[in-house]
$ cat structure_3.cif   # mmCIF, C-alpha atoms, pLDDT in the B column; chains and numbers go by the auth columns
data_coords
loop_
_atom_site.group_PDB
_atom_site.id
_atom_site.type_symbol
_atom_site.label_atom_id
_atom_site.label_comp_id
_atom_site.label_asym_id
_atom_site.label_seq_id
_atom_site.Cartn_x
_atom_site.Cartn_y
_atom_site.Cartn_z
_atom_site.B_iso_or_equiv
_atom_site.auth_seq_id
_atom_site.auth_asym_id
ATOM 1 C CA MET A 1 -10.673 -9.612 17.327 42.00 4 K
ATOM 2 C CA SER A 2 -8.097 -6.981 16.465 46.00 5 K
ATOM 3 C CA HIS A 3 -8.410 -3.210 16.745 51.00 6 K
ATOM 4 C CA GLU A 4 -5.964 -2.705 13.872 55.00 7 K
ATOM 5 C CA GLY A 5 -7.459 -1.159 10.778 56.00 8 K
ATOM 6 C CA ILE A 6 -9.910 1.038 12.696 66.00 9 K
ATOM 7 C CA ARG A 7 -9.227 4.741 12.411 69.00 10 K
ATOM 8 C CA ILE A 8 -11.511 7.316 13.978 76.00 11 K
ATOM 9 C CA VAL A 9 -11.379 10.845 12.592 71.00 12 K
ATOM 10 C CA SER A 10 -13.523 13.928 12.967 74.00 13 K
ATOM 11 C CA ALA A 11 -15.995 14.851 10.237 73.00 14 K
ATOM 12 C CA GLU A 12 -13.825 17.869 9.408 68.00 15 K
ATOM 13 C CA GLN A 13 -10.697 15.729 8.993 67.00 16 K
ATOM 14 C CA ALA A 14 -12.597 13.220 6.848 65.00 17 K
ATOM 15 C CA ARG A 15 -13.792 16.049 4.559 60.00 18 K
ATOM 16 C CA ARG A 16 -10.256 17.472 4.335 58.00 19 K
ATOM 17 C CA GLU A 17 -8.726 14.106 3.481 60.00 20 K
ATOM 18 C CA SER A 18 -11.319 13.204 0.865 60.00 21 K
ATOM 19 C CA ALA A 19 -11.345 16.671 -0.733 48.00 22 K
ATOM 20 C CA HIS A 20 -7.904 16.303 -2.311 51.00 23 K
ATOM 21 C CA GLU A 21 -8.658 12.893 -3.817 63.00 24 K
ATOM 22 C CA ASP A 22 -10.238 13.029 -7.240 76.00 25 K
ATOM 23 C CA ARG A 23 -12.441 10.115 -8.185 81.00 26 K
ATOM 24 C CA LEU A 24 -10.570 7.769 -10.496 87.00 27 K
ATOM 25 C CA PRO A 25 -12.451 6.350 -13.494 91.00 28 K
ATOM 26 C CA ASP A 26 -13.714 2.785 -13.034 93.00 29 K
ATOM 27 C CA ASN A 27 -11.390 1.389 -15.722 92.00 30 K
ATOM 28 C CA ALA A 28 -8.409 2.918 -13.861 93.00 31 K
ATOM 29 C CA ILE A 29 -9.234 0.991 -10.659 95.00 32 K
ATOM 30 C CA THR A 30 -10.433 -2.247 -12.240 96.00 33 K
ATOM 31 C CA PRO A 31 -7.730 -4.852 -12.838 97.00 34 K
ATOM 32 C CA ALA A 32 -7.685 -6.689 -16.144 97.00 35 K
ATOM 33 C CA LYS A 33 -5.055 -9.099 -14.781 97.00 36 K
ATOM 34 C CA VAL A 34 -3.449 -9.551 -11.346 96.00 37 K
ATOM 35 C CA ARG A 35 -0.262 -11.553 -10.857 97.00 38 K
ATOM 36 C CA VAL A 36 1.059 -12.230 -7.347 96.00 39 K
ATOM 37 C CA HIS A 37 4.553 -13.723 -7.513 96.00 40 K
ATOM 38 C CA LYS A 38 4.464 -15.284 -4.037 94.00 41 K
ATOM 39 C CA THR A 39 6.591 -18.329 -4.831 93.00 42 K
ATOM 40 C CA GLU A 40 9.275 -16.230 -6.523 93.00 43 K
ATOM 41 C CA GLY A 41 9.057 -13.675 -3.713 91.00 44 K
ATOM 42 C CA THR A 42 9.225 -10.772 -6.120 93.00 45 K
ATOM 43 C CA GLY A 43 5.945 -8.862 -5.850 96.00 46 K
ATOM 44 C CA VAL A 44 2.660 -8.020 -7.525 97.00 47 K
ATOM 45 C CA GLU A 45 1.849 -6.909 -11.071 97.00 48 K
ATOM 46 C CA ILE A 46 -1.496 -5.478 -12.128 97.00 49 K
ATOM 47 C CA ASP A 47 -2.582 -4.681 -15.660 97.00 50 K
ATOM 48 C CA TRP A 48 -5.456 -2.184 -15.379 97.00 51 K
ATOM 49 C CA LYS A 49 -8.395 -2.003 -17.753 97.00 52 K
ATOM 50 C CA ASP A 50 -7.306 1.494 -18.855 95.00 53 K
ATOM 51 C CA GLY A 51 -4.031 0.024 -20.195 95.00 54 K
ATOM 52 C CA HIS A 52 -1.774 1.162 -17.323 95.00 55 K
ATOM 53 C CA ARG A 53 0.550 -1.388 -15.684 96.00 56 K
ATOM 54 C CA SER A 54 1.642 -1.291 -12.038 96.00 57 K
ATOM 55 C CA VAL A 55 4.400 -3.324 -10.386 96.00 58 K
ATOM 56 C CA TRP A 56 5.312 -3.411 -6.686 96.00 59 K
ATOM 57 C CA THR A 57 7.853 -5.402 -4.693 96.00 60 K
ATOM 58 C CA PHE A 58 6.649 -7.135 -1.542 96.00 61 K
ATOM 59 C CA PRO A 59 8.800 -4.954 0.759 95.00 62 K
ATOM 60 C CA TRP A 60 7.337 -1.843 -0.919 95.00 63 K
ATOM 61 C CA LEU A 61 3.800 -3.136 -0.377 97.00 64 K
ATOM 62 C CA ARG A 62 4.517 -3.955 3.272 96.00 65 K
ATOM 63 C CA ASP A 63 5.839 -0.413 3.788 95.00 66 K
ATOM 64 C CA ALA A 64 2.667 0.935 2.123 95.00 67 K
ATOM 65 C CA CYS A 65 0.258 -1.037 4.331 96.00 68 K
ATOM 66 C CA PRO A 66 -3.058 0.851 4.335 96.00 69 K
ATOM 67 C CA CYS A 67 -4.208 -0.212 7.817 95.00 70 K
ATOM 68 C CA ALA A 68 -4.873 2.594 10.302 94.00 71 K
ATOM 69 C CA THR A 69 -1.867 1.752 12.491 94.00 72 K
ATOM 70 C CA CYS A 70 0.629 1.857 9.603 94.00 73 K
ATOM 71 C CA HIS A 71 -1.064 4.873 7.979 94.00 74 K
ATOM 72 C CA GLU A 72 -0.861 6.916 11.187 94.00 75 K
ATOM 73 C CA GLU A 73 2.762 5.903 11.782 94.00 76 K
ATOM 74 C CA ARG A 74 3.663 7.062 8.246 93.00 77 K
ATOM 75 C CA GLU A 75 1.841 10.377 8.800 93.00 78 K
ATOM 76 C CA ARG A 76 3.661 10.987 12.113 93.00 79 K
ATOM 77 C CA ASN A 77 7.014 10.406 10.415 92.00 80 K
ATOM 78 C CA ASP A 78 6.113 12.169 7.151 91.00 81 K
ATOM 79 C CA ARG A 79 6.692 9.098 4.988 92.00 82 K
ATOM 80 C CA LEU A 80 4.896 8.318 1.736 88.00 83 K
ATOM 81 C CA PRO A 81 3.327 4.895 1.236 91.00 84 K
ATOM 82 C CA GLY A 82 6.091 2.463 0.302 92.00 85 K
ATOM 83 C CA GLU A 83 8.897 4.433 1.946 92.00 86 K
ATOM 84 C CA PRO A 84 10.691 2.207 4.458 92.00 87 K
ATOM 85 C CA LYS A 85 11.020 3.106 8.112 88.00 88 K
ATOM 86 C CA PRO A 86 14.436 4.572 8.869 85.00 89 K
ATOM 87 C CA LYS A 87 16.807 2.019 10.355 80.00 90 K
ATOM 88 C CA PRO A 88 18.203 2.839 13.784 78.00 91 K
ATOM 89 C CA GLN A 89 21.870 3.740 13.601 78.00 92 K
ATOM 90 C CA SER A 90 24.023 1.187 15.349 75.00 93 K
ATOM 91 C CA LEU A 91 27.549 -0.101 15.176 73.00 94 K
ATOM 92 C CA LEU A 92 26.466 -3.624 14.258 76.00 95 K
ATOM 93 C CA PRO A 93 23.159 -3.458 12.382 74.00 96 K
ATOM 94 C CA MET A 94 21.057 -6.610 12.585 77.00 97 K
ATOM 95 C CA TYR A 95 20.039 -8.281 9.346 78.00 98 K
ATOM 96 C CA GLU A 96 16.327 -7.992 8.696 79.00 99 K
ATOM 97 C CA ALA A 97 14.850 -10.307 6.072 83.00 100 K
ATOM 98 C CA PRO A 98 12.725 -8.522 3.477 86.00 101 K
ATOM 99 C CA ALA A 99 8.962 -8.745 3.992 89.00 102 K
ATOM 100 C CA ARG A 100 7.265 -11.608 2.200 94.00 103 K
ATOM 101 C CA PRO A 101 3.656 -12.691 2.198 96.00 104 K
ATOM 102 C CA VAL A 102 2.848 -15.922 3.987 96.00 105 K
ATOM 103 C CA GLU A 103 -0.720 -15.815 2.650 96.00 106 K
ATOM 104 C CA VAL A 104 -2.450 -13.833 -0.085 96.00 107 K
ATOM 105 C CA THR A 105 -6.247 -13.652 -0.084 96.00 108 K
ATOM 106 C CA PRO A 106 -8.692 -11.865 -2.383 96.00 109 K
ATOM 107 C CA VAL A 107 -11.205 -9.649 -0.559 96.00 110 K
ATOM 108 C CA GLY A 108 -14.406 -9.737 -2.579 95.00 111 K
ATOM 109 C CA LYS A 109 -13.919 -8.171 -5.992 94.00 112 K
ATOM 110 C CA TYR A 110 -12.361 -4.983 -4.679 96.00 113 K
ATOM 111 C CA ALA A 111 -9.121 -5.805 -2.849 97.00 114 K
ATOM 112 C CA ILE A 112 -6.343 -8.164 -1.855 97.00 115 K
ATOM 113 C CA LYS A 113 -5.040 -8.954 1.629 97.00 116 K
ATOM 114 C CA PHE A 114 -1.604 -10.167 2.723 97.00 117 K
ATOM 115 C CA LYS A 115 -0.471 -11.968 5.842 97.00 118 K
ATOM 116 C CA TRP A 116 3.157 -10.861 6.106 96.00 119 K
ATOM 117 C CA SER A 117 6.176 -12.787 7.355 94.00 120 K
ATOM 118 C CA ASP A 118 6.455 -10.287 10.248 93.00 121 K
ATOM 119 C CA GLY A 119 2.986 -11.344 11.457 94.00 122 K
ATOM 120 C CA HIS A 120 1.161 -8.210 10.306 95.00 123 K
ATOM 121 C CA GLU A 121 -2.100 -8.806 8.445 95.00 124 K
ATOM 122 C CA ALA A 122 -4.425 -5.859 9.089 94.00 125 K
ATOM 123 C CA GLY A 123 -4.116 -4.036 5.761 95.00 126 K
ATOM 124 C CA ILE A 124 -6.664 -4.487 2.998 97.00 127 K
ATOM 125 C CA TYR A 125 -5.164 -3.291 -0.270 97.00 128 K
ATOM 126 C CA SER A 126 -8.119 -2.098 -2.364 97.00 129 K
ATOM 127 C CA TRP A 127 -7.663 -1.805 -6.121 97.00 130 K
ATOM 128 C CA GLU A 128 -8.206 1.952 -5.810 95.00 131 K
ATOM 129 C CA PHE A 129 -5.537 2.238 -3.084 95.00 132 K
ATOM 130 C CA LEU A 130 -3.076 0.240 -5.193 96.00 133 K
ATOM 131 C CA ARG A 131 -3.716 2.387 -8.253 95.00 134 K
ATOM 132 C CA ARG A 132 -3.271 5.569 -6.205 92.00 135 K
ATOM 133 C CA VAL A 133 0.094 4.326 -4.877 91.00 136 K
ATOM 134 C CA CYS A 134 1.314 2.912 -8.188 91.00 137 K
ATOM 135 C CA SER A 135 5.087 2.786 -7.949 84.00 138 K
ATOM 136 C CA CYS A 136 5.849 3.743 -11.566 87.00 139 K
ATOM 137 C CA ASP A 137 7.772 7.003 -11.972 87.00 140 K
ATOM 138 C CA PRO A 138 4.939 9.122 -13.458 85.00 141 K
ATOM 139 C CA CYS A 139 2.463 8.026 -10.753 84.00 142 K
ATOM 140 C CA GLN A 140 4.982 8.593 -7.944 79.00 143 K
ATOM 141 C CA ALA A 141 5.696 12.093 -9.283 81.00 144 K
ATOM 142 C CA LYS A 142 1.933 12.866 -9.154 77.00 145 K
ATOM 143 C CA LEU A 143 1.710 11.488 -5.603 71.00 146 K
ATOM 144 C CA ARG A 144 4.604 13.654 -4.417 72.00 147 K
ATOM 145 C CA ALA A 145 3.141 16.722 -6.141 77.00 148 K
ATOM 146 C CA SER A 146 -0.232 16.178 -4.436 72.00 149 K
ATOM 147 C CA ARG A 147 1.465 16.215 -1.014 64.00 150 K
ATOM 148 C CA SER A 148 3.128 19.574 -1.677 65.00 151 K
#
$ encode --input "structure_3.cif" --output "structure tokens"
Amino acid sequence: MSHEGIRIVSAEQARRESAHEDRLPDNAITPAKVRVHKTEGTGVEIDWKDGHRSVWTFPWLRDACPCATCHEERERNDRLPGEPKPKPQSLLPMYEAPARPVEVTPVGKYAIKFKWSDGHEAGIYSWEFLRRVCSCDPCQAKLRASRS
């Protein structure tokens, strides 16, 4: 059994974190259609019931992993979900293959889970999380503004 995905916070911190998140309408967090392009290796597309469309690449999704370990690492380094970790500067950088899912599994009717090519598999990507981190330009602008 893994400890990844467990994040313990104080009641005060939980209130602070949930206070800035407005409740999204149900049709904004309910997919009408989900397409996972695993074979092509391109990414995920979701058409939402409110008419919005979201598209993410697999590397972006890996860098946005919502598990506690990845979330805390992003917070420590002041990175938004989807922003890649900075590469260490070296004279001869090693090639790193882009993240790809080895397995994709639905989690009930509320989320999707990936087992990544780097072995990581702790993140559960809820529909609400995915809508909140939509990578389209208008949604990313809102996300950046909310962090200011």
$ residues_near_point --input "structure_3.cif" --point "(-3.6, 1.4, 4.6)" --cutoff "12 Å" --atoms "all atoms listed in the file" --output "ChimeraX atom specification"
/K:7-10,64-78,83-85,114-117,124-133,135-136
$ closest_residue --input "structure_3.cif" --among "K:Pro34, K:Pro96, K:Pro91, K:Pro104" --to "K:Thr60" --atoms "only C-alpha atoms"
K:Pro104
$ atom_distance --input "structure_3.cif" --atom1 "atom CA of K:Val37" --atom2 "atom CA of K:Pro87"
24.2 Å
$ atom_distance --input "structure_3.cif" --atom1 "atom CA of K:Asn30" --atom2 "atom CA of K:Asp140"
20.3 Å
$ resolve_selection --input "structure_3.cif" --expression "the PyMOL selection byres ((chain K and resi 55) around 12)" --output "list of chain:residue names"
K:Asn30, K:Ala31, K:Ile32, K:Thr33, K:Pro34, K:Ala35, K:Lys36, K:Glu48, K:Ile49, K:Asp50, K:Trp51, K:Lys52, K:Asp53, K:Gly54, K:Arg56, K:Ser57, K:Val58, K:Arg134, K:Cys137, K:Ser138, K:Cys139, K:Pro141, K:Cys142
$ axis_aligned_box --input "structure_3.cif" --around "stretch 51-64 of chain K" --padding-each-side "4 Å" --output "lines of an AutoDock Vina configuration file"
center_x = 0.2
center_y = -2.8
center_z = -9.7
size_x = 25.2
size_y = 16.6
size_z = 29.0
$ atom_distance --input "structure_3.cif" --atom1 "atom CA of K:Pro109" --atom2 "atom CA of K:Gly46"
15.3 Å
$ residues_around --input "structure_3.cif" --residues "K:Glu99" --least-positions-apart "2" --cutoff "12 Å" --atoms "all atoms listed in the file" --output "ChimeraX atom specification"
/K:62,90,96-97,101-103,120-121
$ residues_near_point --input "structure_3.cif" --point "(9.6, 6.9, 8.4)" --cutoff "6 Å" --atoms "only C-alpha atoms" --output "ChimeraX atom specification"
/K:77,80,82,88-89
$ resolve_selection --input "structure_3.cif" --expression "the PyMOL selection byres ((chain K and resi 106) around 8)" --output "list in words"
Pro104, Val105, Val107, Thr108, Phe117, Lys118 and Trp119 of chain K
$ closest_residue --input "structure_3.cif" --among "K:Ala144, K:Ser149, K:Val12, K:Gly44" --to "K:Ala100" --atoms "only C-alpha atoms"
K:Gly44
$ closest_residue --input "structure_3.cif" --among "K:Thr42, K:Phe61, K:Arg79, K:Tyr113" --to "K:Asp29" --atoms "all atoms listed in the file"
K:Tyr113
